[in-house]
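S.K.: Structure: final.cif, mmCIF, C-alpha atoms.
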data_structure
loop_
_atom_site.label_atom_id
_atom_site.label_comp_id
_atom_site.auth_asym_id
_atom_site.auth_seq_id
_atom_site.Cartn_x
_atom_site.Cartn_y
_atom_site.Cartn_z
CA MET A 28 0.00 0.00 0.00
CA ILE A 29 1.32 3.48 -0.85
CA ALA A 30 2.10 5.63 2.19
CA LEU A 31 0.51 9.05 2.07
CA ARG A 32 3.03 10.76 4.32
CA GLY A 33 5.90 12.55 2.69
CA PRO A 34 6.98 16.03 1.58
CA PRO A 35 4.47 18.90 1.82
CA LEU A 36 3.56 18.56 -1.82
CA ALA A 37 3.51 15.52 -4.06
CA PRO A 38 5.91 15.69 -7.01
CA PRO A 39 4.60 16.88 -10.38
CA LEU A 40 2.31 14.30 -11.90
CA PRO A 41 3.10 12.77 -15.26
CA PRO A 42 0.62 12.92 -18.14
CA CYS A 43 -2.13 10.46 -17.41
CA SER A 44 -3.18 7.57 -19.58
CA ALA A 45 -5.67 4.76 -19.35
CA ALA A 46 -2.86 2.50 -18.16
CA SER A 47 -1.62 4.68 -15.30
CA PRO A 48 -0.81 2.37 -12.33
CA ARG A 49 -2.83 2.46 -9.11
CA PRO A 50 -5.22 5.25 -10.27
CA ALA A 51 -7.08 5.53 -6.96
CA ALA A 52 -3.93 6.17 -4.93
CA VAL A 53 -2.52 8.58 -7.47
CA ALA A 54 -5.82 10.42 -7.61
CA ILE A 55 -5.67 10.83 -3.83
CA LEU A 56 -2.19 12.30 -4.17
CA ALA A 57 -3.43 14.60 -6.90
CA ARG A 58 -6.30 15.85 -4.78
CA ARG A 59 -3.99 16.39 -1.82
CA ASP A 60 -1.52 18.25 -4.03
CA LEU A 61 -4.25 20.49 -5.42
CA ALA A 62 -5.76 21.27 -2.01
CA ARG A 63 -2.43 22.14 -0.40
CA SER A 64 -1.33 24.20 -3.38
CA ILE A 65 -4.49 26.26 -3.22
CA ALA A 66 -4.26 26.65 0.55
CA PHE A 67 -0.71 27.92 0.60
CA GLY A 68 -0.51 29.59 -2.81
CA ARG A 69 2.30 27.30 -4.04
CA SER A 70 3.30 26.17 -7.49
CA SER A 71 0.67 26.98 -10.07
CA ARG A 72 2.37 24.38 -12.28
CA ARG A 73 1.47 21.63 -9.79
CA ILE A 74 -2.07 22.90 -9.49
CA GLY A 75 -2.42 22.67 -13.24
CA ALA A 76 -0.94 19.17 -13.31
CA ALA A 77 -3.24 17.91 -10.55
CA SER A 78 -6.28 19.52 -12.15
CA ARG A 79 -5.49 18.01 -15.54
CA PHE A 80 -4.96 14.58 -14.00
CA LEU A 81 -8.27 14.66 -12.14
CA SER A 82 -10.07 15.84 -15.24
CA CYS A 83 -8.49 13.00 -17.16
CA ARG A 84 -9.50 10.39 -14.58
CA CYS A 85 -13.07 11.63 -14.63
CA SER A 86 -13.34 11.60 -18.39
CA GLY A 87 -11.23 8.49 -18.94
CA GLY A 88 -9.14 10.22 -21.58
CA ALA A 89 -5.56 11.35 -21.90
CA PHE A 90 -3.91 14.68 -22.37
CA SER A 91 -0.54 16.08 -23.26
CA SER A 92 1.66 18.29 -21.14
CA GLY A 93 1.18 21.10 -23.57
CA ASP A 94 -2.50 21.56 -22.78
CA ASP A 95 -1.86 24.73 -20.80
CA GLY A 96 -2.04 26.86 -23.93
CA GLY A 97 -1.18 30.49 -24.28
CA GLY A 98 -4.55 31.76 -23.03
CA SER A 99 -3.89 31.03 -19.37
CA SER A 100 -0.43 32.58 -19.61
CA ILE A 101 -1.88 35.74 -21.09
CA GLY A 102 -4.60 35.82 -18.43
CA SER A 103 -2.05 35.39 -15.65
CA ALA A 104 0.09 38.16 -17.11
CA VAL A 105 -2.91 40.49 -17.35
CA ALA A 106 -3.95 39.68 -13.78
CA LYS A 107 -0.43 40.31 -12.48
CA ALA A 108 -0.16 43.57 -14.39
CA GLY A 109 -3.55 44.62 -13.01
CA GLU A 110 -2.41 43.89 -9.46
CA ILE A 111 0.79 45.91 -9.93
CA LEU A 112 -1.20 48.78 -11.41
CA SER A 113 -3.66 48.68 -8.51
CA LEU A 114 -0.93 48.73 -5.88
CA GLY A 115 0.52 51.85 -7.47
CA PHE A 116 -2.78 53.71 -7.77
CA PRO A 117 -1.68 56.69 -5.58
CA VAL A 118 1.12 57.32 -8.07
CA TRP A 119 -1.21 57.23 -11.08
CA VAL A 120 -3.81 59.50 -9.47
CA SER A 121 -1.16 61.97 -8.34
CA ALA A 122 0.45 61.94 -11.80
CA ALA A 123 -2.88 62.54 -13.53
CA CYS A 124 -3.68 65.47 -11.23
CA ALA A 125 -0.22 66.98 -11.77
CA ILE A 126 -0.59 66.74 -15.54
CA ALA A 127 -4.08 68.23 -15.36
CA LEU A 128 -2.82 71.12 -13.28
CA PHE A 129 -0.22 72.21 -15.81
CA ARG A 130 -1.70 70.83 -19.05
CA PRO A 131 -5.50 71.04 -18.67
CA SER A 132 -6.06 70.43 -22.39
CA ALA A 133 -4.93 66.80 -21.95
CA PHE A 134 -8.28 65.97 -20.32
CA GLU A 135 -10.66 67.80 -22.65
CA PHE A 136 -11.64 64.52 -24.31
CA LEU A 137 -13.34 63.26 -21.13
CA ARG A 138 -16.96 64.17 -21.77
CA PRO A 139 -19.68 63.71 -19.09
CA GLU A 140 -21.05 60.56 -20.71
CA LEU A 141 -17.61 58.96 -20.58
CA GLN A 142 -17.35 59.84 -16.89
CA ILE A 143 -20.62 58.00 -16.23
CA VAL A 144 -19.40 54.95 -18.12
CA GLY A 145 -16.12 54.96 -16.19
CA ILE A 146 -17.63 55.14 -12.71
CA THR A 147 -20.27 52.55 -13.65
CA LEU A 148 -17.59 50.08 -14.76
CA THR A 149 -15.63 50.78 -11.57
CA MET A 150 -18.63 49.93 -9.40
CA LEU A 151 -19.29 46.85 -11.53
CA GLY A 152 -15.73 45.79 -10.74
CA MET A 153 -16.45 46.15 -7.03
CA GLY A 154 -19.60 44.08 -7.41
CA ILE A 155 -17.81 41.10 -8.90
CA THR A 156 -15.46 40.95 -5.88
CA ILE A 157 -18.35 40.09 -3.54
CA THR A 158 -18.76 36.35 -3.01
CA LEU A 159 -20.88 34.22 -0.72
CA ASP A 160 -17.77 33.15 1.19
CA ASP A 161 -16.89 36.80 1.85
CA LEU A 162 -20.44 37.42 2.98
CA LYS A 163 -20.53 34.42 5.33
CA GLY A 164 -17.16 35.27 6.87
CA ALA A 165 -17.94 38.95 7.43
CA LEU A 166 -21.45 38.29 8.69
CA LEU A 167 -19.88 36.29 11.51
CA MET A 168 -18.68 39.70 12.73
CA PRO A 169 -21.93 41.73 12.83
CA LYS A 170 -20.55 43.98 15.56
CA GLU A 171 -17.58 45.09 13.46
CA LEU A 172 -19.71 45.48 10.35
CA LEU A 173 -22.27 47.64 12.13
CA ILE A 174 -19.62 49.76 13.90
CA GLY A 175 -17.85 50.45 10.61
CA PHE A 176 -21.12 51.38 8.92
CA VAL A 177 -22.16 53.80 11.66
CA LEU A 178 -18.73 55.46 11.82
CA GLN A 179 -18.67 55.80 8.03
CA TYR A 180 -21.81 57.93 8.00
CA THR A 181 -21.21 59.89 11.20
CA VAL A 182 -17.48 60.59 11.54
CA MET A 183 -16.90 61.63 7.93
CA PRO A 184 -19.93 63.89 7.33
CA PHE A 185 -19.41 65.60 10.68
CA SER A 186 -15.67 66.01 9.96
CA GLY A 187 -16.36 67.45 6.52
CA TYR A 188 -18.83 69.94 7.92
CA MET A 189 -16.51 71.01 10.77
CA VAL A 190 -13.43 71.33 8.54
CA ALA A 191 -15.37 73.52 6.09
CA LYS A 192 -16.49 75.74 8.99
CA LEU A 193 -13.05 75.82 10.61
CA LEU A 194 -11.21 76.84 7.45
CA LYS A 195 -14.05 79.13 6.30
CA LEU A 196 -14.02 77.61 2.83
CA PRO A 197 -15.85 79.38 0.00
CA SER A 198 -19.31 77.96 -0.54
CA TYR A 199 -18.38 75.95 -3.65
CA TYR A 200 -15.36 74.30 -1.97
CA ALA A 201 -17.33 73.68 1.22
CA ALA A 202 -20.14 72.05 -0.75
CA GLY A 203 -17.72 69.73 -2.56
CA LEU A 204 -15.85 68.78 0.60
CA ILE A 205 -19.04 67.96 2.51
CA LEU A 206 -20.46 66.07 -0.46
CA VAL A 207 -17.44 63.75 -0.67
CA SER A 208 -17.59 63.24 3.10
CA CYS A 209 -21.18 61.99 2.66
CA CYS A 210 -20.16 59.42 0.04
CA PRO A 211 -19.68 55.71 0.85
CA GLY A 212 -16.36 53.98 1.30
CA GLY A 213 -14.27 53.61 -1.83
CA THR A 214 -12.97 50.44 -3.47
CA ALA A 215 -9.43 51.73 -2.95
CA SER A 216 -9.90 50.94 0.75
CA ASN A 217 -9.99 47.24 -0.12
CA ILE A 218 -6.56 47.50 -1.75
CA VAL A 219 -5.12 49.47 1.15
CA THR A 220 -6.59 46.96 3.64
CA TYR A 221 -4.83 44.19 1.73
CA LEU A 222 -1.54 46.09 1.90
CA ALA A 223 -2.01 46.73 5.63
CA ARG A 224 -2.71 43.03 6.30
CA GLY A 225 -6.16 43.90 7.54
CA ASN A 226 -9.37 41.90 7.22
CA VAL A 227 -10.04 42.16 3.50
CA ALA A 228 -13.37 40.29 3.63
CA LEU A 229 -14.65 42.72 6.26
CA SER A 230 -13.42 45.65 4.17
CA VAL A 231 -15.22 44.40 1.06
CA LEU A 232 -18.47 43.88 2.96
CA MET A 233 -18.23 47.30 4.65
CA THR A 234 -17.69 48.92 1.25
CA ALA A 235 -20.63 47.04 -0.22
CA MET A 236 -22.88 47.84 2.75
CA SER A 237 -22.09 51.56 2.74
CA THR A 238 -22.41 51.64 -1.06
CA PHE A 239 -25.88 50.10 -1.04
CA ALA A 240 -26.97 52.43 1.78
CA SER A 241 -25.56 55.47 -0.06
CA VAL A 242 -28.55 55.37 -2.40
CA VAL A 243 -30.61 56.82 0.47
CA ILE A 244 -28.08 58.18 2.98
CA THR A 245 -25.86 60.24 0.66
CA PRO A 246 -28.73 62.33 -0.80
CA LEU A 247 -30.23 62.75 2.69
CA LEU A 248 -26.99 63.91 4.33
CA ALA A 249 -26.07 66.07 1.35
CA SER A 250 -29.43 67.84 1.37
CA LYS A 251 -29.05 68.68 5.07
CA LEU A 252 -25.36 69.65 5.14
CA VAL A 253 -24.49 70.80 1.62
CA GLY A 254 -27.85 72.55 1.30
CA GLN A 255 -26.61 75.13 3.79
CA TYR A 256 -24.08 76.33 1.20
CA VAL A 257 -25.63 75.76 -2.23
CA THR A 258 -28.93 74.65 -3.70
CA ILE A 259 -28.98 70.89 -4.06
CA ASP A 260 -31.36 68.39 -5.66
CA PRO A 261 -31.55 65.32 -3.38
CA VAL A 262 -33.87 63.46 -5.77
CA GLY A 263 -31.39 63.95 -8.59
CA ILE A 264 -28.53 62.66 -6.43
CA PHE A 265 -30.73 59.70 -5.42
CA LEU A 266 -31.41 58.76 -9.05
CA SER A 267 -27.77 59.26 -10.06
CA THR A 268 -26.59 57.07 -7.18
CA ILE A 269 -28.93 54.30 -8.28
CA GLN A 270 -27.60 54.58 -11.83
CA VAL A 271 -23.88 54.63 -11.10
CA VAL A 272 -23.74 52.68 -7.81
CA LEU A 273 -26.63 50.37 -7.02
CA ALA A 274 -27.34 48.97 -10.49
CA PRO A 275 -23.71 48.06 -11.42
CA VAL A 276 -22.93 46.64 -7.96
CA VAL A 277 -26.03 44.43 -8.01
CA LEU A 278 -25.20 43.36 -11.57
CA GLY A 279 -21.61 42.56 -10.59
CA ALA A 280 -22.68 40.50 -7.58
CA GLY A 281 -25.21 38.66 -9.75
CA LEU A 282 -22.54 37.85 -12.33
CA ASN A 283 -20.23 36.59 -9.60
CA GLN A 284 -23.00 34.34 -8.31
CA TYR A 285 -24.34 32.94 -11.55
CA CYS A 286 -21.75 33.59 -14.30
CA LYS A 287 -18.41 32.59 -12.83
CA TRP A 288 -16.95 31.93 -16.26
CA LEU A 289 -17.71 35.48 -17.39
CA VAL A 290 -16.27 36.96 -14.18
CA GLY A 291 -13.12 34.93 -14.77
CA ILE A 292 -12.73 36.60 -18.15
CA ILE A 293 -13.42 40.20 -17.16
CA SER A 294 -11.97 40.33 -13.64
CA PRO A 295 -8.29 40.55 -14.74
CA ILE A 296 -8.95 43.77 -16.66
CA MET A 297 -11.05 45.47 -13.97
CA PRO A 298 -8.02 46.89 -12.07
CA PHE A 299 -6.95 48.67 -15.27
CA ILE A 300 -10.42 50.14 -15.71
CA SER A 301 -10.82 51.13 -12.05
CA VAL A 302 -7.45 52.81 -11.65
CA ALA A 303 -7.70 54.53 -15.03
CA THR A 304 -11.19 55.80 -14.17
CA VAL A 305 -10.09 57.24 -10.83
CA ALA A 306 -7.06 58.90 -12.40
CA MET A 307 -8.96 60.30 -15.38
CA LEU A 308 -11.94 61.63 -13.41
CA CYS A 309 -9.74 63.29 -10.82
CA GLY A 310 -7.57 64.73 -13.57
CA ARG A 311 -10.62 66.07 -15.35
CA ALA A 312 -11.91 67.80 -12.20
CA ILE A 313 -8.49 69.39 -11.66
CA ALA A 314 -8.13 70.38 -15.33
CA GLN A 315 -11.47 72.19 -15.36
CA ASN A 316 -10.33 74.44 -12.51
CA ALA A 317 -6.55 74.52 -12.89
CA ALA A 318 -6.24 78.30 -12.69
CA SER A 319 -8.37 78.56 -9.55
CA ILE A 320 -6.48 75.72 -7.88
CA LEU A 321 -3.11 77.31 -8.58
CA GLY A 322 -4.43 80.50 -7.05
CA SER A 323 -6.11 79.12 -3.93
CA GLY A 324 -5.63 75.35 -3.95
CA LEU A 325 -3.57 75.17 -0.75
CA LYS A 326 -6.62 75.66 1.45
CA VAL A 327 -8.48 72.89 -0.40
CA ALA A 328 -5.54 70.52 0.04
CA VAL A 329 -5.34 71.29 3.77
CA ALA A 330 -9.09 70.70 4.08
CA ALA A 331 -8.85 67.31 2.35
CA VAL A 332 -5.90 66.24 4.51
CA LEU A 333 -7.77 67.18 7.69
CA LEU A 334 -10.91 65.38 6.54
CA HIS A 335 -9.19 62.07 5.88
CA ALA A 336 -6.87 62.32 8.88
CA SER A 337 -9.98 62.68 11.02
CA GLY A 338 -11.53 59.61 9.40
CA PHE A 339 -8.46 57.43 9.90
CA PHE A 340 -7.93 58.61 13.49
CA PHE A 341 -11.48 58.45 14.82
CA GLY A 342 -12.25 55.29 12.84
CA TYR A 343 -9.47 53.52 14.73
CA VAL A 344 -9.83 55.16 18.15
CA LEU A 345 -13.61 54.82 18.43
CA SER A 346 -13.71 51.22 17.21
CA ARG A 347 -10.67 49.98 19.13
CA TRP A 348 -10.65 51.90 22.39
CA THR A 349 -14.31 52.82 22.79
CA MET A 350 -16.09 49.80 21.33
CA GLY A 351 -13.51 47.09 22.00
CA VAL A 352 -13.04 45.81 18.45
CA GLY A 353 -10.01 43.60 17.78
CA GLU A 354 -6.79 45.23 16.55
CA ARG A 355 -6.92 43.85 13.02
CA GLU A 356 -10.58 44.74 12.59
CA ALA A 357 -10.02 48.22 14.08
CA ARG A 358 -7.32 48.88 11.48
CA THR A 359 -9.69 47.71 8.76
CA ILE A 360 -12.46 50.02 10.02
CA SER A 361 -10.02 52.93 10.23
CA ILE A 362 -9.04 52.47 6.58
CA GLU A 363 -12.63 52.04 5.47
CA VAL A 364 -13.85 55.15 7.30
CA GLY A 365 -10.91 57.29 6.22
CA MET A 366 -11.15 56.49 2.49
CA GLN A 367 -14.16 57.75 0.55
CA ASN A 368 -15.54 57.05 -2.90
CA SER A 369 -14.13 60.34 -4.18
CA VAL A 370 -14.88 59.48 -7.79
CA LEU A 371 -18.58 59.28 -6.97
CA GLY A 372 -18.21 62.70 -5.33
CA VAL A 373 -16.64 64.09 -8.51
CA VAL A 374 -19.50 62.78 -10.65
CA LEU A 375 -22.26 63.94 -8.29
CA ALA A 376 -20.67 67.38 -7.86
CA GLY A 377 -20.37 67.80 -11.61
CA GLN A 378 -23.98 66.83 -12.19
CA HIS A 379 -25.78 68.41 -9.26
CA LEU A 380 -23.77 71.34 -7.90
CA SER A 381 -23.91 74.60 -9.80
CA SER A 382 -20.21 75.51 -9.69
CA PRO A 383 -17.59 73.32 -11.41
CA LEU A 384 -15.24 74.29 -8.58
CA ALA A 385 -17.30 72.08 -6.25
CA ALA A 386 -15.71 69.00 -7.83
CA VAL A 387 -12.19 70.16 -6.91
CA PRO A 388 -12.25 69.02 -3.24
CA CYS A 389 -13.49 65.62 -4.39
CA ALA A 390 -10.56 65.24 -6.79
CA VAL A 391 -8.03 66.48 -4.23
CA SER A 392 -9.62 64.11 -1.71
CA SER A 393 -8.84 61.15 -3.94
CA VAL A 394 -5.14 62.02 -4.01
CA CYS A 395 -4.98 62.70 -0.27
CA HIS A 396 -6.68 59.53 0.91
CA SER A 397 -4.76 57.39 -1.58
CA VAL A 398 -1.37 58.67 -0.45
CA ALA A 399 -2.25 58.79 3.27
CA GLY A 400 -3.89 55.37 3.16
CA SER A 401 -0.87 53.83 1.46
CA MET A 402 1.47 55.35 4.04
CA LEU A 403 -0.70 54.06 6.88
CA ALA A 404 -0.77 50.63 5.26
CA GLY A 405 3.02 50.62 5.18
CA VAL A 406 3.20 51.36 8.91
CA TRP A 407 0.67 48.69 9.84
CA ARG A 408 2.15 46.14 7.44
CA SER A 409 5.50 46.46 9.20
CA ASN A 410 3.73 45.98 12.58
CA PRO A 411 1.31 43.11 11.89
CA THR A 412 -1.20 41.83 14.41
CA GLU A 413 -0.84 38.28 15.74
CA ASP A 414 -3.66 36.92 13.58
CA SER A 415 -2.34 38.58 10.41
CA LYS A 416 1.28 37.39 10.57
CA GLY A 417 2.17 35.30 7.60
CA THR A 418 -0.65 36.66 5.44
CA HIS A 419 -0.23 38.39 2.09
#
Mind turning this structure into structure tokens?
M.R.:
Amino acid sequence: MIALRGPPLAPPLPPCSAASPRPAAVAILARRDLARSIAFGRSSRRIGAASRFLSCRCSGGAFSSGDDGGGSSIGSAVAKAGEILSLGFPVWVSAACAIALFRPSAFEFLRPELQIVGITLTMLGMGITITLDDLKGALLMPKELLIGFVLQYTVMPFSGYMVAKLLKLPSYYAAGLILVSCCPGGTASNIVTYLARGNVALSVLMTAMSTFASVVITPLLASKLVGQYVTIDPVGIFLSTIQVVLAPVVLGAGLNQYCKWLVGIISPIMPFISVATVAMLCGRAIAQNAASILGSGLKVAVAAVLLHASGFFFGYVLSRWTMGVGEREARTISIEVGMQNSVLGVVLAGQHLSSPLAAVPCAVSSVCHSVAGSMLAGVWRSNPTEDSKGTH
């Protein structure tokens, strides 16, 4: 009888044939190899070999070692490039805003309809990241999920309102800053949580929860807070939020549930689309108001820094020290609260606020929270919690 104890992974399996000796034992080894490879992220070559062998045993056929094909290699390369691009998103957003500031004409091509398409595809990308396993895991932590949700829609709107008052921002800048503070958490928070070795599943569910709720809460908060500075149409914001947030997120989650094959095709390119959308929309908002920003942009930048610093700080302190959440989850909540869906703010400000300058704080906000979040992730990554050591 073949002993099943041995090295952590079985050696690469040879091409199978109908005459392969002891098929049951070898199949067991193949299944063990596949399970351990998936669990520990080792050797995609062995995963492929085990998968091919099991497929062969089920079908009774044979295959050649060249069955991998070029498609999977291309898909892996695209996925890897997308991950690299996503991890460097603060650089791309900052670069786009810098170009827009000194060469505004570079973003003239970005018409309003293209902005809607971009943000819709970005939210679709967030939708296809939500799985039933994520949902089950995060729902086992209802306390953390609820705390993050409440802090998202209390700490940030209040901070935005107070910062605007403290700095005595002009009405158009104040309106934009408060509007972005009333937006849900952004998908960039999921990337930063990953970098910080936080609870990514919790981050994804918090983003999804605040995004769904934003259909009602964002127009309501905006009408109360922003309405003190400029005339605002809450019904219009409600309808726009359904169009660019709720519909694509629901569609993405539905695709992930029922069309796995399609998600497997489109998911590798979604990081390109998401990062490009954020960079382009922020660049467009800056380009439209380059002269005004160069003249008085420092105050807007200070306001955005204070807004997000408040979110990161109070998100952590209130969840960890006041409500007794675990360290890893408190870090995740801090990142989620401190990082807003600034792109949604840019789109809503452009559509529903009278002055184009109102979109400027939203664009500056995207740069600030991206850079600050990445720096915070670096600090926390170098000081991991006990339950996050060895991850990522």
S.K.: Would you list the contacts of Gln367 in chain A as a ChimeraX atom specification, taking every protein, DNA or RNA residue within 8 Å and counting only C-alpha atoms, but skipping same-chain residues closer than 2 positions in sequence?
M.R.: /A:207-208,210-213,363-365,369,393,396
S.K.: For Val190 in chain A, work out the shell of residues within 9 Å, counting all atoms listed in the file and skipping chain neighbours fewer than 6 positions away, then give it as a list of chain:residue names.
M.R.: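 Here the qualifying residues turn out to be A:Leu196, A:Ala201, A:Leu204, A:Ile205, A:Ala330, A:Ala331, A:Leu333, A:Leu334.
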S.K.: Starting from the PyMOL selection byres ((chain A and resi 301-307) around 7), expand the selection into actual residues of this file and give them as a PyMOL selection string.
M.R.: chain A and resi 113+116+119-120+123+145-146+149+297-300+308-311+370
S.K.: Taking (-18.6, 53.7, 3.7) in the coordinates of the supplied file, I want to know which residues reach to within 12 Å of it, counting only C-alpha atoms; could you give the answer as a ChimeraX atom specification?
M.R.: /A:172-184,207-217,229-242,244-245,338,342,359-369
S.K.: Could you give me, as a VMD selection string, the residues within 10 Å of Val398 in chain A, counting only C-alpha atoms and dropping anything in the same chain fewer than 2 positions from it?
M.R.: chain A and resid 115 to 118 120 to 121 392 to 396 400 to 404
S.K.: Applied to this file, what does the PyMOL selection byres ((chain A and resi 373) around 9) return in terms of residues, put as a PyMOL selection string?
M.R.: chain A and resi 203+207+308-309+312+369-372+374-378+385-390
S.K.: Report, in Å with one decimal, the straight-line distance from CA of Val277 in chain A to CA of Ile143 in chain A.
M.R.: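 Straight-line distance from CA of Val277 in chain A to CA of Ile143 in chain A works out to 16.8 Å.
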S.K.: Using all atoms listed in the file for the distances, tell me which of A:Pro139, A:Asn283, A:Ser409, A:Leu384 is nearest to Tyr199 in chain A.
M.R.: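 Distance minimum relative to Tyr199 in chain A lands on A:Leu384.
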S.K.: In terms of the shortest atom-to-atom distance over all atoms listed in the file, which of A:Gln255, A:Ser186, A:Thr220, A:Ser267 is closest to His379 in chain A?
M.R.: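 Smallest distance to His379 in chain A is found for A:Ser267.
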S.K.: For CA of Ala223 in chain A and CA of Val352 in chain A, quote the distance in Å rounded to one decimal.
M.R.: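 Those two atoms sit 16.9 Å apart.
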S.K.: With the file shown as input, list the residues that the PyMOL selection byres ((chain A and resi 354) around 10) selects, as a list in words.
M.R.: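 Against this file, the PyMOL selection byres ((chain A and resi 354) around 10) returns the residues Gly225, Tyr343, Ser346, Arg347, Trp348, Gly351, Val352, Gly353, Arg355, Glu356, Ala357, Arg358, Thr359, Ile360, Pro411, Thr412, Glu413 and Asp414 of chain A.
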S.K.: Between CA of Leu345 in chain A and CA of Gly405 in chain A, what is the spacing in Å?
M.R.: 21.7 Å
S.K.: Under the rule that only C-alpha atoms are counted, which of A:Pro383, A:Ser103, A:Leu193, A:Ser198 is the nearest residue to Ala317 in chain A?
M.R.: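 Closest to Ala317 in chain A of all the choices is A:Pro383.
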S.K.: Point out the residue among A:Ala274, A:Leu206, A:Ala191, A:Leu266 with the least atom-to-atom distance to Met150 in chain A, counting all atoms listed in the file.
M.R.: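 The shortest atom-to-atom distance to Met150 in chain A comes from A:Ala274.
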S.K.: Would you please work out which residue, of A:Val253, A:Val332, A:Ile313, A:Ala280, is nearest to Ser132 in chain A when using only C-alpha atoms?
M.R.: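 The answer is A:Ile313, which sits nearest to Ser132 in chain A.
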S.K.: Tell me which of A:Leu167, A:Val327, A:Val219, A:Ala133 sits closest to Trp407 in chain A, counting all atoms listed in the file.
M.R.: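 Of A:Leu167, A:Val327, A:Val219, A:Ala133, the one nearest Trp407 in chain A is A:Val219, counting all atoms listed in the file.
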